[in-house]
>>> print(open('run_3.pdb').read())   # PDB, C-alpha atoms, pLDDT in the B column
ATOM      1  CA  MET N 903      15.733  37.208  -9.712  1.00 42.00           C
ATOM      2  CA  SER N 904      13.323  39.685  -8.108  1.00 43.00           C
ATOM      3  CA  HIS N 905      13.775  43.384  -7.494  1.00 43.00           C
ATOM      4  CA  LYS N 906      11.712  45.807  -5.459  1.00 44.00           C
ATOM      5  CA  PHE N 907      10.064  48.664  -7.330  1.00 43.00           C
ATOM      6  CA  GLN N 908       7.690  51.020  -5.500  1.00 49.00           C
ATOM      7  CA  ASN N 909       7.782  48.605  -2.551  1.00 49.00           C
ATOM      8  CA  LYS N 910       6.615  45.659  -4.725  1.00 49.00           C
ATOM      9  CA  TYR N 911       8.643  42.737  -6.000  1.00 40.00           C
ATOM     10  CA  ARG N 912       9.175  42.535  -9.728  1.00 40.00           C
ATOM     11  CA  ILE N 913      10.732  39.746 -11.772  1.00 37.00           C
ATOM     12  CA  ALA N 914      13.873  40.913 -13.546  1.00 39.00           C
ATOM     13  CA  THR N 915      13.313  41.671 -17.206  1.00 40.00           C
ATOM     14  CA  ALA N 916      14.029  39.003 -19.800  1.00 49.00           C
ATOM     15  CA  ARG N 917      14.782  41.648 -22.425  1.00 49.00           C
ATOM     16  CA  LEU N 918      18.275  41.842 -23.879  1.00 49.00           C
ATOM     17  CA  LYS N 919      20.117  44.750 -22.269  1.00 55.00           C
ATOM     18  CA  ASN N 920      21.219  47.570 -24.561  1.00 57.00           C
ATOM     19  CA  TRP N 921      19.093  46.281 -27.444  1.00 50.00           C
ATOM     20  CA  ASP N 922      16.671  48.739 -29.022  1.00 56.00           C
ATOM     21  CA  TYR N 923      13.439  46.743 -29.414  1.00 57.00           C
ATOM     22  CA  GLY N 924      12.188  49.307 -31.900  1.00 60.00           C
ATOM     23  CA  SER N 925      15.091  48.731 -34.269  1.00 63.00           C
ATOM     24  CA  ASN N 926      14.935  47.235 -37.740  1.00 77.00           C
ATOM     25  CA  ALA N 927      14.929  43.520 -36.836  1.00 84.00           C
ATOM     26  CA  THR N 928      12.920  40.284 -36.914  1.00 91.00           C
ATOM     27  CA  TYR N 929      11.626  38.698 -33.711  1.00 91.00           C
ATOM     28  CA  PHE N 930      10.187  35.323 -32.713  1.00 95.00           C
ATOM     29  CA  VAL N 931       7.639  35.816 -29.922  1.00 94.00           C
ATOM     30  CA  THR N 932       5.795  33.376 -27.674  1.00 95.00           C
ATOM     31  CA  ILE N 933       3.000  34.286 -25.282  1.00 95.00           C
ATOM     32  CA  CYS N 934       1.358  31.799 -22.902  1.00 96.00           C
ATOM     33  CA  THR N 935      -2.011  31.958 -21.217  1.00 97.00           C
ATOM     34  CA  LYS N 936      -2.148  32.368 -17.458  1.00 96.00           C
ATOM     35  CA  ASN N 937      -1.374  29.031 -15.794  1.00 95.00           C
ATOM     36  CA  ARG N 938      -1.154  27.608 -19.342  1.00 95.00           C
ATOM     37  CA  GLN N 939      -4.888  27.074 -19.457  1.00 97.00           C
ATOM     38  CA  HIS N 940      -6.305  25.846 -22.763  1.00 97.00           C
ATOM     39  CA  PHE N 941      -8.373  28.860 -23.842  1.00 98.00           C
ATOM     40  CA  PHE N 942      -7.804  28.786 -27.626  1.00 98.00           C
ATOM     41  CA  GLY N 943      -9.072  25.412 -28.850  1.00 98.00           C
ATOM     42  CA  GLU N 944      -7.653  21.936 -29.176  1.00 97.00           C
ATOM     43  CA  ILE N 945      -5.308  19.757 -31.194  1.00 96.00           C
ATOM     44  CA  ARG N 946      -6.986  16.869 -33.018  1.00 95.00           C
ATOM     45  CA  ASN N 947      -5.168  14.655 -35.513  1.00 94.00           C
ATOM     46  CA  GLN N 948      -2.117  16.928 -35.316  1.00 94.00           C
ATOM     47  CA  LYS N 949      -4.144  19.998 -36.392  1.00 96.00           C
ATOM     48  CA  MET N 950      -5.196  23.001 -34.357  1.00 97.00           C
ATOM     49  CA  PHE N 951      -8.934  23.673 -34.148  1.00 98.00           C
ATOM     50  CA  LEU N 952      -9.608  27.187 -32.918  1.00 98.00           C
ATOM     51  CA  ASN N 953     -12.538  28.020 -30.681  1.00 98.00           C
ATOM     52  CA  ASP N 954     -14.011  31.544 -30.567  1.00 98.00           C
ATOM     53  CA  ILE N 955     -11.217  32.930 -28.389  1.00 98.00           C
ATOM     54  CA  GLY N 956      -8.591  31.247 -30.586  1.00 98.00           C
ATOM     55  CA  LYS N 957     -10.154  32.864 -33.662  1.00 98.00           C
ATOM     56  CA  MET N 958     -10.008  36.188 -31.855  1.00 98.00           C
ATOM     57  CA  VAL N 959      -6.288  35.689 -31.161  1.00 98.00           C
ATOM     58  CA  GLU N 960      -5.667  35.098 -34.865  1.00 98.00           C
ATOM     59  CA  SER N 961      -7.785  38.082 -35.892  1.00 98.00           C
ATOM     60  CA  GLU N 962      -6.091  40.455 -33.434  1.00 97.00           C
ATOM     61  CA  TRP N 963      -2.634  39.284 -34.552  1.00 97.00           C
ATOM     62  CA  LEU N 964      -3.493  40.139 -38.152  1.00 97.00           C
ATOM     63  CA  LYS N 965      -4.893  43.529 -37.068  1.00 97.00           C
ATOM     64  CA  SER N 966      -1.617  44.278 -35.264  1.00 94.00           C
ATOM     65  CA  PHE N 967       0.033  44.724 -38.653  1.00 94.00           C
ATOM     66  CA  GLU N 968      -2.828  46.677 -40.225  1.00 94.00           C
ATOM     67  CA  ILE N 969      -3.062  49.304 -37.478  1.00 93.00           C
ATOM     68  CA  ARG N 970       0.658  50.134 -37.419  1.00 91.00           C
ATOM     69  CA  PRO N 971       1.587  51.082 -40.990  1.00 91.00           C
ATOM     70  CA  ASP N 972       3.983  53.726 -39.639  1.00 90.00           C
ATOM     71  CA  MET N 973       6.186  51.002 -38.115  1.00 90.00           C
ATOM     72  CA  ASN N 974       6.715  49.179 -41.432  1.00 90.00           C
ATOM     73  CA  LEU N 975       5.893  45.796 -39.862  1.00 93.00           C
ATOM     74  CA  TYR N 976       5.983  42.488 -41.670  1.00 93.00           C
ATOM     75  CA  MET N 977       4.562  39.164 -40.599  1.00 95.00           C
ATOM     76  CA  GLY N 978       6.197  35.766 -40.699  1.00 96.00           C
ATOM     77  CA  GLU N 979       4.697  32.448 -39.640  1.00 97.00           C
ATOM     78  CA  TYR N 980       2.346  32.385 -36.676  1.00 98.00           C
ATOM     79  CA  GLN N 981       0.412  29.677 -34.856  1.00 98.00           C
ATOM     80  CA  VAL N 982      -2.306  29.765 -32.229  1.00 98.00           C
ATOM     81  CA  MET N 983      -1.971  26.746 -29.945  1.00 97.00           C
ATOM     82  CA  PRO N 984      -4.334  25.598 -27.160  1.00 97.00           C
ATOM     83  CA  ASN N 985      -2.556  27.622 -24.469  1.00 97.00           C
ATOM     84  CA  HIS N 986       0.029  29.770 -26.225  1.00 97.00           C
ATOM     85  CA  PHE N 987       0.805  31.744 -29.345  1.00 97.00           C
ATOM     86  CA  HIS N 988       3.929  31.797 -31.515  1.00 97.00           C
ATOM     87  CA  GLY N 989       4.631  34.434 -34.135  1.00 97.00           C
ATOM     88  CA  ILE N 990       7.346  36.095 -36.167  1.00 97.00           C
ATOM     89  CA  VAL N 991       7.144  39.859 -36.418  1.00 94.00           C
ATOM     90  CA  GLY N 992       9.551  42.103 -38.265  1.00 92.00           C
ATOM     91  CA  ILE N 993       9.995  45.784 -37.629  1.00 90.00           C
ATOM     92  CA  GLY N 994      11.256  47.428 -40.790  1.00 89.00           C
ATOM     93  CA  GLU N 995      13.137  50.662 -41.056  1.00 88.00           C
ATOM     94  CA  ASN N 996      10.799  53.516 -40.202  1.00 86.00           C
ATOM     95  CA  ARG N 997      10.882  57.105 -38.965  1.00 86.00           C
ATOM     96  CA  TYR N 998      11.155  55.945 -35.341  1.00 83.00           C
ATOM     97  CA  ASN N 999      14.253  53.803 -35.859  1.00 81.00           C
ATOM     98  CA  SER N1000      15.890  55.300 -38.933  1.00 72.00           C
ATOM     99  CA  ASN N1001      19.650  55.406 -38.679  1.00 57.00           C
ATOM    100  CA  GLY N1002      20.410  56.663 -42.137  1.00 45.00           C
ATOM    101  CA  CYS N1003      20.844  53.189 -43.589  1.00 46.00           C
ATOM    102  CA  SER N1004      19.029  53.283 -46.915  1.00 41.00           C
ATOM    103  CA  ASN N1005      20.243  49.872 -48.121  1.00 42.00           C
ATOM    104  CA  CYS N1006      19.645  47.853 -44.940  1.00 46.00           C
ATOM    105  CA  ARG N1007      18.203  44.392 -45.372  1.00 43.00           C
ATOM    106  CA  ASP N1008      17.113  42.009 -42.680  1.00 44.00           C
ATOM    107  CA  ALA N1009      16.896  38.331 -41.774  1.00 42.00           C
ATOM    108  CA  MET N1010      13.552  38.104 -43.565  1.00 44.00           C
ATOM    109  CA  HIS N1011      15.499  38.779 -46.777  1.00 42.00           C
ATOM    110  CA  GLY N1012      18.383  36.520 -45.848  1.00 39.00           C
ATOM    111  CA  VAL N1013      20.967  39.061 -44.743  1.00 37.00           C
ATOM    112  CA  SER N1014      21.930  40.046 -41.240  1.00 35.00           C
ATOM    113  CA  THR N1015      23.126  43.634 -40.956  1.00 38.00           C
ATOM    114  CA  ALA N1016      25.216  45.392 -38.352  1.00 34.00           C
ATOM    115  CA  ILE N1017      22.223  47.128 -36.836  1.00 35.00           C
ATOM    116  CA  HIS N1018      20.825  43.726 -35.874  1.00 38.00           C
ATOM    117  CA  LYS N1019      23.765  42.942 -33.625  1.00 35.00           C
ATOM    118  CA  PRO N1020      23.559  44.112 -30.015  1.00 37.00           C
ATOM    119  CA  THR N1021      26.599  45.805 -28.562  1.00 33.00           C
ATOM    120  CA  HIS N1022      27.666  46.524 -25.025  1.00 33.00           C
ATOM    121  CA  ALA N1023      27.195  50.221 -25.692  1.00 33.00           C
ATOM    122  CA  PRO N1024      23.650  51.566 -25.806  1.00 37.00           C
ATOM    123  CA  THR N1025      22.167  52.125 -29.227  1.00 42.00           C
ATOM    124  CA  HIS N1026      20.654  55.420 -30.349  1.00 43.00           C
ATOM    125  CA  ASN N1027      17.486  54.545 -28.386  1.00 47.00           C
ATOM    126  CA  PRO N1028      18.423  51.967 -25.730  1.00 48.00           C
ATOM    127  CA  ASN N1029      15.841  49.681 -24.165  1.00 45.00           C
ATOM    128  CA  LYS N1030      14.699  51.314 -20.942  1.00 44.00           C
ATOM    129  CA  PHE N1031      12.022  50.950 -18.330  1.00 43.00           C
ATOM    130  CA  GLY N1032       8.977  53.192 -18.412  1.00 40.00           C
ATOM    131  CA  PRO N1033       6.430  53.952 -21.107  1.00 42.00           C
ATOM    132  CA  GLN N1034       7.551  52.790 -24.500  1.00 61.00           C
ATOM    133  CA  SER N1035       5.960  52.965 -27.907  1.00 77.00           C
ATOM    134  CA  LYS N1036       6.795  52.056 -31.474  1.00 84.00           C
ATOM    135  CA  ASN N1037       8.690  48.945 -30.430  1.00 89.00           C
ATOM    136  CA  LEU N1038       8.136  45.221 -29.918  1.00 89.00           C
ATOM    137  CA  GLY N1039       6.786  45.726 -26.394  1.00 88.00           C
ATOM    138  CA  SER N1040       4.120  48.147 -27.572  1.00 91.00           C
ATOM    139  CA  ILE N1041       3.027  45.749 -30.330  1.00 93.00           C
ATOM    140  CA  MET N1042       2.708  42.884 -27.865  1.00 93.00           C
ATOM    141  CA  ARG N1043       0.932  44.991 -25.218  1.00 93.00           C
ATOM    142  CA  GLY N1044      -1.628  46.122 -27.776  1.00 94.00           C
ATOM    143  CA  PHE N1045      -2.175  42.580 -29.045  1.00 96.00           C
ATOM    144  CA  LYS N1046      -2.547  41.082 -25.572  1.00 96.00           C
ATOM    145  CA  SER N1047      -4.878  43.861 -24.451  1.00 96.00           C
ATOM    146  CA  ALA N1048      -7.175  43.569 -27.486  1.00 97.00           C
ATOM    147  CA  VAL N1049      -7.434  39.788 -27.047  1.00 98.00           C
ATOM    148  CA  THR N1050      -8.075  40.117 -23.302  1.00 98.00           C
ATOM    149  CA  VAL N1051     -10.950  42.580 -23.728  1.00 97.00           C
ATOM    150  CA  GLY N1052     -12.733  40.349 -26.253  1.00 97.00           C
ATOM    151  CA  ALA N1053     -11.889  37.035 -24.596  1.00 98.00           C
ATOM    152  CA  ARG N1054     -13.283  38.097 -21.227  1.00 98.00           C
ATOM    153  CA  LEU N1055     -16.656  38.663 -22.858  1.00 97.00           C
ATOM    154  CA  ILE N1056     -16.611  34.924 -23.653  1.00 97.00           C
ATOM    155  CA  ASN N1057     -14.775  33.626 -20.583  1.00 97.00           C
ATOM    156  CA  HIS N1058     -14.210  36.037 -17.677  1.00 96.00           C
ATOM    157  CA  ASP N1059     -11.363  33.827 -16.378  1.00 97.00           C
ATOM    158  CA  PHE N1060      -9.196  34.477 -19.428  1.00 98.00           C
ATOM    159  CA  GLY N1061      -5.725  35.848 -18.825  1.00 97.00           C
ATOM    160  CA  TRP N1062      -2.201  35.916 -20.247  1.00 97.00           C
ATOM    161  CA  GLN N1063       1.031  35.290 -18.417  1.00 94.00           C
ATOM    162  CA  GLU N1064       2.471  38.642 -17.471  1.00 89.00           C
ATOM    163  CA  ARG N1065       5.464  38.490 -19.807  1.00 88.00           C
ATOM    164  CA  PHE N1066       6.187  37.223 -23.281  1.00 88.00           C
ATOM    165  CA  HIS N1067       9.295  35.502 -24.613  1.00 89.00           C
ATOM    166  CA  ASP N1068      11.191  36.972 -27.543  1.00 89.00           C
ATOM    167  CA  HIS N1069      14.162  35.903 -29.603  1.00 89.00           C
ATOM    168  CA  ILE N1070      15.967  38.143 -32.092  1.00 90.00           C
ATOM    169  CA  ILE N1071      16.271  36.290 -35.405  1.00 92.00           C
ATOM    170  CA  ARG N1072      19.748  37.054 -36.707  1.00 90.00           C
ATOM    171  CA  ASP N1073      20.073  35.183 -39.994  1.00 92.00           C
ATOM    172  CA  LYS N1074      18.225  33.323 -42.733  1.00 94.00           C
ATOM    173  CA  ARG N1075      19.036  29.884 -41.328  1.00 96.00           C
ATOM    174  CA  SER N1076      17.480  30.774 -37.958  1.00 94.00           C
ATOM    175  CA  PHE N1077      14.501  32.347 -39.710  1.00 95.00           C
ATOM    176  CA  ILE N1078      13.828  29.134 -41.667  1.00 96.00           C
ATOM    177  CA  ARG N1079      14.342  26.882 -38.621  1.00 96.00           C
ATOM    178  CA  ILE N1080      11.977  28.945 -36.447  1.00 96.00           C
ATOM    179  CA  SER N1081       9.384  29.207 -39.235  1.00 97.00           C
ATOM    180  CA  GLU N1082       9.380  25.407 -39.567  1.00 97.00           C
ATOM    181  CA  TYR N1083       9.082  25.013 -35.805  1.00 96.00           C
ATOM    182  CA  ILE N1084       6.009  27.286 -35.765  1.00 96.00           C
ATOM    183  CA  LYS N1085       4.355  25.524 -38.727  1.00 96.00           C
ATOM    184  CA  ASN N1086       4.949  22.089 -37.201  1.00 96.00           C
ATOM    185  CA  ASN N1087       3.919  23.005 -33.665  1.00 95.00           C
ATOM    186  CA  PRO N1088       0.485  21.300 -33.861  1.00 96.00           C
ATOM    187  CA  LYS N1089       2.106  18.082 -35.164  1.00 94.00           C
ATOM    188  CA  ASN N1090       4.556  18.139 -32.265  1.00 92.00           C
ATOM    189  CA  TRP N1091       2.019  18.999 -29.553  1.00 89.00           C
ATOM    190  CA  ARG N1092       2.581  15.763 -27.604  1.00 83.00           C
ATOM    191  CA  ASP N1093       6.189  16.826 -26.974  1.00 76.00           C
ATOM    192  CA  ASP N1094       5.536  20.569 -26.613  1.00 70.00           C
ATOM    193  CA  ARG N1095       7.067  22.049 -23.469  1.00 67.00           C
ATOM    194  CA  PHE N1096       4.118  24.463 -23.178  1.00 63.00           C
ATOM    195  CA  ARG N1097       1.604  21.599 -23.029  1.00 58.00           C
TER     196      ARG N1097
END
>>> encode(input="run_3.pdb", output="structure tokens")
Amino acid sequence: MSHKFQNKYRIATARLKNWDYGSNATYFVTICTKNRQHFFGEIRNQKMFLNDIGKMVESEWLKSFEIRPDMNLYMGEYQVMPNHFHGIVGIGENRYNSNGCSNCRDAMHGVSTAIHKPTHAPTHNPNKFGPQSKNLGSIMRGFKSAVTVGARLINHDFGWQERFHDHIIRDKRSFIRISEYIKNNPKNWRDDRFR
């Protein structure tokens, strides 16, 4: 569905309404290249072989965690594929999302807590349009931007799709299933919907 904003059409957001994307939670993210072009390398014998841009994607993903110590991020499985990237990123409790819960644990540690469950009422910092920081969107914008700047020095045609897909991981079973999916993605490339 499209909406007009400042006289331009915009695709409706895929974000979950009334969910605070800066809250203490674990997310599975997928980002595709523009037109699903194979910018990152190739699959041979069910293994991913990164080219220079693919190595840059991996490096910038790792930096995403180093440069944001204030967000208490943690990294799960990740995989660079020929034309997309999968990763698990956790946002731990921090000064931007603190709700007074000193004993909260998350899906990474096998326990889903109440703050991980969206409600129909807005949270203390509901997802909203406009500039946002210290949340999943800001992490992904920074990652995509850093890769784009470096990748265009190698191939000026490089680009990402405008949006990224996210899924809130709510329990240990989902965390394990998604982690296995990411690890096995190169083996399953022939059947990959992003191929």
>>> atom_distance(input="run_3.pdb", atom1="CA of Leu1038 (chain N)", atom2="CA of Arg1079 (chain N)")
21.2 Å
>>> resolve_selection(input="run_3.pdb", expression="the PyMOL selection byres ((chain N and resi 984) around 8)", output="ChimeraX atom specification")
/N:939-945,950,952,956,982-983,985-986
>>> residues_near_point(input="run_3.pdb", point="(-8.3, 44.5, -34.9)", cutoff="12 Å", atoms="all atoms listed in the file", output="list in words")
Lys957, Met958, Val959, Glu960, Ser961, Glu962, Trp963, Leu964, Lys965, Ser966, Phe967, Glu968, Ile969, Arg970, Gly1044, Phe1045, Lys1046, Ser1047, Ala1048, Val1049, Val1051 and Gly1052 of chain N
>>> closest_residue(input="run_3.pdb", among="N:Asn1057, N:Thr932, N:Ser1035, N:Gln981", to="Lys1085 (chain N)", atoms="all atoms listed in the file")
N:Gln981
>>> atom_distance(input="run_3.pdb", atom1="CA of Ile1041 (chain N)", atom2="CA of Ala1053 (chain N)")
18.2 Å
>>> atom_distance(input="run_3.pdb", atom1="CA of Ser1081 (chain N)", atom2="CA of His1067 (chain N)")
15.9 Å
>>> residues_around(input="run_3.pdb", residues="Met977 (chain N)", least_positions_apart="2", cutoff="7 Å", atoms="all atoms listed in the file", output="MDAnalysis selection string")
chainID N and resid 975 979 990:992
>>> resolve_selection(input="run_3.pdb", expression="the PyMOL selection byres ((chain N and resi 937) around 12)", output="JSON list (two decimals) with C-alpha atoms, in the frame of the given file")
[["chain", "number", "residue", "atom", "x", "y", "z"],
["N", 933, "ILE", "CA", 3.00, 34.29, -25.28],
["N", 934, "CYS", "CA", 1.36, 31.80, -22.90],
["N", 935, "THR", "CA", -2.01, 31.96, -21.22],
["N", 936, "LYS", "CA", -2.15, 32.37, -17.46],
["N", 938, "ARG", "CA", -1.15, 27.61, -19.34],
["N", 939, "GLN", "CA", -4.89, 27.07, -19.46],
["N", 940, "HIS", "CA", -6.30, 25.85, -22.76],
["N", 941, "PHE", "CA", -8.37, 28.86, -23.84],
["N", 985, "ASN", "CA", -2.56, 27.62, -24.47],
["N", 986, "HIS", "CA", 0.03, 29.77, -26.22],
["N", 1059, "ASP", "CA", -11.36, 33.83, -16.38],
["N", 1060, "PHE", "CA", -9.20, 34.48, -19.43],
["N", 1061, "GLY", "CA", -5.72, 35.85, -18.82],
["N", 1062, "TRP", "CA", -2.20, 35.92, -20.25],
["N", 1063, "GLN", "CA", 1.03, 35.29, -18.42],
["N", 1064, "GLU", "CA", 2.47, 38.64, -17.47],
["N", 1096, "PHE", "CA", 4.12, 24.46, -23.18],
["N", 1097, "ARG", "CA", 1.60, 21.60, -23.03]]
>>> resolve_selection(input="run_3.pdb", expression="the PyMOL selection byres ((chain N and resi 997) around 10)", output="count of residues only")
11
>>> closest_residue(input="run_3.pdb", among="N:Gln948, N:Asp954, N:Ser1076, N:Ala927", to="Ile1056 (chain N)", atoms="all atoms listed in the file")
N:Asp954
>>> closest_residue(input="run_3.pdb", among="N:Thr928, N:Ile955, N:Tyr980, N:Asn1086", to="His1069 (chain N)", atoms="all atoms listed in the file")
N:Thr928
>>> closest_residue(input="run_3.pdb", among="N:His1058, N:Tyr976, N:Ile993, N:Arg1075", to="Ser1040 (chain N)", atoms="all atoms listed in the file")
N:Ile993
>>> closest_residue(input="run_3.pdb", among="N:His988, N:Gly978, N:Asn953, N:Asn947", to="Asp1068 (chain N)", atoms="only C-alpha atoms")
N:His988
